[in-house]
Amino acid sequence: MRAVTPAPEAKPFLKWVGGKRQLLPVLRTYYPATVSGYHEPFLGSGAVFFDLWTSGRLAGCPVWLSDENPDLVGCYLRIRDAADALIGELGRLAEGHAQGGRTFYYEVRDQLFNPRRAAWAAADGTPEAYPVDLAAALLYLNKTGYNGLFRLNQKGGYNVPAGRYTRPRIVHAERIRAASAALATPGISIACRSFDRVAEEARPGDFVYFDPPYAPLGPTSNFRQYTARGFSDADQARLQALAVGLAGRGVQVLLSNSSADSIVRLYGERTAHSAGLRIRRVPARRAVNTRADRRGPVEELLVSNLPPVA
Ligand SMILES: C[S@@+](CC[C@H](N)C(=O)[O-])C[C@H]1O[C@@H](n2cnc3c(N)ncnc32)[C@H](O)[C@@H]1O
C-alpha cells in the first residue's frame with residue numbers, strides 16, 4: 001500500500017445545495033486505500049474532491065472533475081487561473097454589501113450579474129470564457145443569497161432571493177487561494193459535461209464518486225433543478241447502468257442518493273448486486289425544503305462496491 005502524505009488543506013469555496021460536507025465522516029470510511037485515477041462527475045462544491053486531495057490520496061494520479069453547470073465550472077476555472085483578481089473583485093462587492101445589504105444584493109444580481117451573464121451566454125457561453133468579474137459576482141451571490149441555491153429562470157436570469165445573514169463571510173481569501181492551488185495541480189482536468197463521459201475514462205483501480213441530484217422523496221420534496229434540464233428518472237436509470245458497468249469492470253465506485261423507493265429498487269437489482277454494489281442507509285439532514293417540518297433528519301443511501309472501514 002502506498003504511503004499517503006497529507007497535502008495542505010483545501011475546502012469548498014461555494015455553498016452548494018446537496019453539498020457533502022456533513023456526510024464526509026461516513027463517506028471517508030469508503031475511501032479506497034489506493035487510487036489510480038479519480039473521477040467526480042457531479043462536482044458541485046467538490047466537498048469529496050477537496051477532502052481526498054487534502055488527505056493526500058490523489059497525489060500523482062490523474063483527476064477528472066466535471067459538472068453540467070457551466071457557471072459552476074466557469075467559477076472553478078477562474079478560481080484556478082485568476083484567484084487574486086477574483087479576490088480583488090469580491091472585496092469590492094463585500095464593501096458594497098457592508099454599505100447596502102439586501103438592496104446591494106439585488107443591484108448586483110439584476111444590474112451586474114444577469115446582464116453580464118446574458119452577454120457571456122450570447123457571445124460564447126463556455127466556462128473557458130467565463131469572465132472573472134462574473135465569477136466574483138457569482139461567489140458573492142452564493143455567499144449572500146438564499147441557502148447557496150443556484151437557480152436560473154427560463155431566460156437564464158439568476159433569480160435567487162437574498163438570504164438572511166447578519167454578517168456573511170464573503171471574502172475567504174485563504175480558502176480561495178488554497179482551492180486555487182489544489183485545482184492547479186498537474187493532472188487535474190475540469191470540464192463542463194454530463195456524467196456519462198466517465199464511462200470512457202474510468203479504468204480498473206480508479207475511484208469514482210457519483211453525487212447526482214437526489215431523486216425526490218415525494219411530490220413536493222427536495223430541490224433538484226441544478227441545471228436547465230433537471231435530472232429525470234431516465235437519467236437516474238442511465239446512471240445506475242453506468243455505475244453497475246464500472247463496478248463490474250473493477251472500478252471503485254461510491255454513489256450517494258436519496259432513499260426514494262425508485263433508487264432503492266434500482267440499486268437493489270440483481271445486476272447491481274452481481275457487480276458487487278451494496279446499499280447502506282445513513283441518516284442525513286437536508287437544508288432545502290420549502291416546508292420547514294420536512295427539514296428534519298432523513299435517510300439517504302450510499303451505494304458502493306468498496307467495503308467501508310470502521
Ligand atoms: C448533489 S449536487 C453535487 C454536490 C457535491 N457533491 C458537493 O459536495 O457540493 C449535484 C450536481 O450535479 C450537477 N448535475 C446535474 N445534472 C448533471 C448531469 N446530467 N451531468 C453532470 N452533472 C450534473 C449539478 O449541477 C450539481 O452541481
# chains A, B, ... in the order shown; residues from 1 in each chain; ligands from 1

call {"tool": "residues_around", "arguments": {"residues": "Gly245 (chain A)", "least_positions_apart": "4", "cutoff": "8 Å", "atoms": "only C-alpha atoms", "output": "number ranges by chain"}}
result
A: 241, 249, 275

call {"tool": "write_last_selection", "arguments": {"atoms": "C-alpha atoms", "output": "PDB file, in the first residue's frame"}}
result
ATOM      1  CA  ALA A 241     -26.383   1.286 -15.579  1.00  0.00           C
ATOM      2  CA  ARG A 249     -15.020  -3.982 -14.535  1.00  0.00           C
ATOM      3  CA  ALA A 275     -21.391  -6.271  -9.831  1.00  0.00           C
TER       4      ALA A 275
END

call {"tool": "closest_atom_pairs", "arguments": {"of": "chain A", "to": "ligand 1", "cutoff": "6 Å", "atoms": "only C-alpha atoms and all ligand atoms", "output": "tab-separated table"}}
result
residue	atom	partner	partner_atom_place_in_ligand_line	distance
A:Trp16	CA	ligand 1	9 (O)	5.0
A:Gly18	CA	ligand 1	1 (C)	4.3
A:Gly19	CA	ligand 1	9 (O)	3.3
A:Lys20	CA	ligand 1	8 (O)	4.0
A:Pro41	CA	ligand 1	21 (C)	5.6
A:Phe42	CA	ligand 1	12 (O)	4.0
A:Leu43	CA	ligand 1	5 (C)	5.1
A:Gly44	CA	ligand 1	27 (O)	3.5
A:Ser45	CA	ligand 1	9 (O)	3.5
A:Gly46	CA	ligand 1	8 (O)	4.7
A:Ala47	CA	ligand 1	8 (O)	4.1
A:Asp67	CA	ligand 1	22 (N)	4.0
A:Glu68	CA	ligand 1	22 (N)	4.1
A:Asn69	CA	ligand 1	25 (O)	4.6
A:Arg193	CA	ligand 1	21 (C)	6.0
A:Ser194	CA	ligand 1	20 (N)	3.4
A:Phe195	CA	ligand 1	20 (N)	4.1
A:Asp211	CA	ligand 1	6 (N)	5.1
A:Pro212	CA	ligand 1	10 (C)	4.5
A:Pro213	CA	ligand 1	10 (C)	4.4
A:Tyr226	CA	ligand 1	25 (O)	4.6
A:Thr227	CA	ligand 1	25 (O)	5.5
A:Phe231	CA	ligand 1	16 (N)	5.5

call {"tool": "write_last_selection", "arguments": {"atoms": "N, CA and C atoms", "output": "JSON list (two decimals), in the first residue's frame"}}
result
[["chain", "number", "residue", "atom", "x", "y", "z"],
["A", 16, "TRP", "N", -23.23, 24.87, -1.57],
["A", 16, "TRP", "CA", -23.95, 24.25, -2.69],
["A", 16, "TRP", "C", -25.04, 23.35, -2.15],
["A", 18, "GLY", "N", -27.02, 20.32, -1.47],
["A", 18, "GLY", "CA", -26.60, 18.91, -1.59],
["A", 18, "GLY", "C", -25.12, 18.74, -1.35],
["A", 19, "GLY", "N", -24.43, 19.81, -0.90],
["A", 19, "GLY", "CA", -23.01, 19.72, -0.58],
["A", 19, "GLY", "C", -22.78, 18.63, 0.47],
["A", 20, "LYS", "N", -21.66, 17.92, 0.35],
["A", 20, "LYS", "CA", -21.49, 16.73, 1.17],
["A", 20, "LYS", "C", -20.59, 16.93, 2.39],
["A", 41, "PRO", "N", -17.97, 13.34, -11.36],
["A", 41, "PRO", "CA", -18.71, 13.97, -12.45],
["A", 41, "PRO", "C", -19.94, 14.78, -12.03],
["A", 42, "PHE", "N", -20.24, 14.86, -10.73],
["A", 42, "PHE", "CA", -21.31, 15.76, -10.24],
["A", 42, "PHE", "C", -20.63, 16.65, -9.20],
["A", 43, "LEU", "N", -19.76, 17.52, -9.67],
["A", 43, "LEU", "CA", -18.79, 18.17, -8.77],
["A", 43, "LEU", "C", -19.42, 19.08, -7.72],
["A", 44, "GLY", "N", -20.38, 19.93, -8.10],
["A", 44, "GLY", "CA", -20.95, 20.88, -7.13],
["A", 44, "GLY", "C", -19.84, 21.63, -6.41],
["A", 45, "SER", "N", -19.90, 21.68, -5.09],
["A", 45, "SER", "CA", -18.86, 22.40, -4.35],
["A", 45, "SER", "C", -17.61, 21.55, -4.13],
["A", 46, "GLY", "N", -17.66, 20.28, -4.56],
["A", 46, "GLY", "CA", -16.45, 19.44, -4.54],
["A", 46, "GLY", "C", -16.00, 19.01, -3.15],
["A", 47, "ALA", "N", -16.95, 18.84, -2.22],
["A", 47, "ALA", "CA", -16.56, 18.51, -0.84],
["A", 47, "ALA", "C", -15.68, 17.25, -0.79],
["A", 67, "ASP", "N", -19.00, 18.85, -14.17],
["A", 67, "ASP", "CA", -20.37, 19.16, -13.77],
["A", 67, "ASP", "C", -21.05, 19.71, -15.01],
["A", 68, "GLU", "N", -22.37, 19.59, -15.06],
["A", 68, "GLU", "CA", -23.07, 20.08, -16.26],
["A", 68, "GLU", "C", -23.42, 21.57, -16.18],
["A", 69, "ASN", "N", -23.15, 22.19, -15.04],
["A", 69, "ASN", "CA", -23.50, 23.61, -14.87],
["A", 69, "ASN", "C", -22.32, 24.49, -15.32],
["A", 193, "ARG", "N", -19.67, 19.01, -18.61],
["A", 193, "ARG", "CA", -20.25, 17.96, -19.44],
["A", 193, "ARG", "C", -21.13, 17.06, -18.59],
["A", 194, "SER", "N", -21.85, 16.18, -19.24],
["A", 194, "SER", "CA", -22.71, 15.28, -18.50],
["A", 194, "SER", "C", -21.89, 14.13, -17.92],
["A", 195, "PHE", "N", -22.47, 13.46, -16.93],
["A", 195, "PHE", "CA", -21.75, 12.42, -16.18],
["A", 195, "PHE", "C", -21.35, 11.23, -17.03],
["A", 211, "ASP", "N", -22.39, 11.86, -7.16],
["A", 211, "ASP", "CA", -23.33, 12.52, -6.24],
["A", 211, "ASP", "C", -24.36, 13.28, -7.08],
["A", 212, "PRO", "N", -25.30, 12.54, -7.70],
["A", 212, "PRO", "CA", -26.25, 13.19, -8.62],
["A", 212, "PRO", "C", -27.28, 14.00, -7.85],
["A", 213, "PRO", "N", -28.06, 14.83, -8.57],
["A", 213, "PRO", "CA", -29.23, 15.43, -7.94],
["A", 213, "PRO", "C", -30.08, 14.30, -7.39],
["A", 226, "TYR", "N", -30.67, 21.79, -10.63],
["A", 226, "TYR", "CA", -29.38, 22.50, -10.67],
["A", 226, "TYR", "C", -29.09, 23.01, -12.07],
["A", 227, "THR", "N", -29.66, 22.34, -13.07],
["A", 227, "THR", "CA", -29.34, 22.68, -14.45],
["A", 227, "THR", "C", -30.67, 22.87, -15.18],
["A", 231, "PHE", "N", -32.94, 16.58, -13.65],
["A", 231, "PHE", "CA", -32.38, 15.22, -13.64],
["A", 231, "PHE", "C", -33.56, 14.26, -13.51]]

call {"tool": "select_by_dssp", "arguments": {"residues": "region 113-173 of chain A", "states": "helix (DSSP H, G or I)", "output": "count of residues only"}}
result
31

call {"tool": "residues_around", "arguments": {"residues": "region 97-112 of chain A", "least_positions_apart": "4", "cutoff": "12 Å", "atoms": "only C-alpha atoms", "output": "PyMOL selection string"}}
result
chain A and resi 90-93+116-119+133-146+151-152+156-171

call {"tool": "closest_residue", "arguments": {"among": "A:Asp235, A:Asp124, A:Asp84, A:Glu89", "to": "Leu266 (chain A)", "atoms": "only C-alpha atoms"}}
result
A:Asp235

call {"tool": "residues_around", "arguments": {"residues": "Gln240 (chain A)", "least_positions_apart": "3", "cutoff": "9 Å", "atoms": "only C-alpha atoms", "output": "list in words"}}
result
Asp235, Gln236, Ala237, Ala243, Val244, Gly245, Ile263, Leu266, Tyr267 and Ala272 of chain A

call {"tool": "select_by_dssp", "arguments": {"residues": "region 50-159 of chain A", "states": "strand (DSSP E or B)", "output": "list in words"}}
result
Val63, Trp64, Leu65, Ser66, Asp67, Gly145, Leu152 and Tyr158 of chain A

call {"tool": "atom_distance", "arguments": {"atom1": "CA of Ala260 (chain A)", "atom2": "CA of Val298 (chain A)"}}
result
10.8 Å

call {"tool": "closest_residue", "arguments": {"among": "A:Val63, A:Val26, A:Glu201, A:Gly56", "to": "Leu301 (chain A)", "atoms": "only C-alpha atoms"}}
result
A:Val26

call {"tool": "residues_around", "arguments": {"residues": "Ala59 (chain A)", "least_positions_apart": "4", "cutoff": "9 Å", "atoms": "only C-alpha atoms", "output": "tab-separated table (two decimals) with C-alpha atoms, in the first residue's frame"}}
result
chain	number	residue	atom	x	y	z
A	4	VAL	CA	-0.30	8.75	1.95
A	5	THR	CA	1.17	12.16	2.85
A	6	PRO	CA	-1.48	14.79	3.61
A	7	ALA	CA	-1.45	17.89	1.38
A	53	TRP	CA	-6.97	15.98	-2.13

call {"tool": "residues_around", "arguments": {"residues": "Tyr30 (chain A)", "least_positions_apart": "5", "cutoff": "9 Å", "atoms": "only C-alpha atoms", "output": "number ranges by chain"}}
result
A: 254, 304, 306-309

call {"tool": "atom_distance", "arguments": {"atom1": "CA of Val73 (chain A)", "atom2": "CA of Arg203 (chain A)"}}
result
24.0 Å

call {"tool": "atom_distance", "arguments": {"atom1": "CA of Asp206 (chain A)", "atom2": "CA of Leu239 (chain A)"}}
result
17.3 Å

call {"tool": "closest_residue", "arguments": {"among": "A:Val17, A:Ala121, A:Val35, A:Ile190", "to": "Ile79 (chain A)", "atoms": "only C-alpha atoms"}}
result
A:Ile190
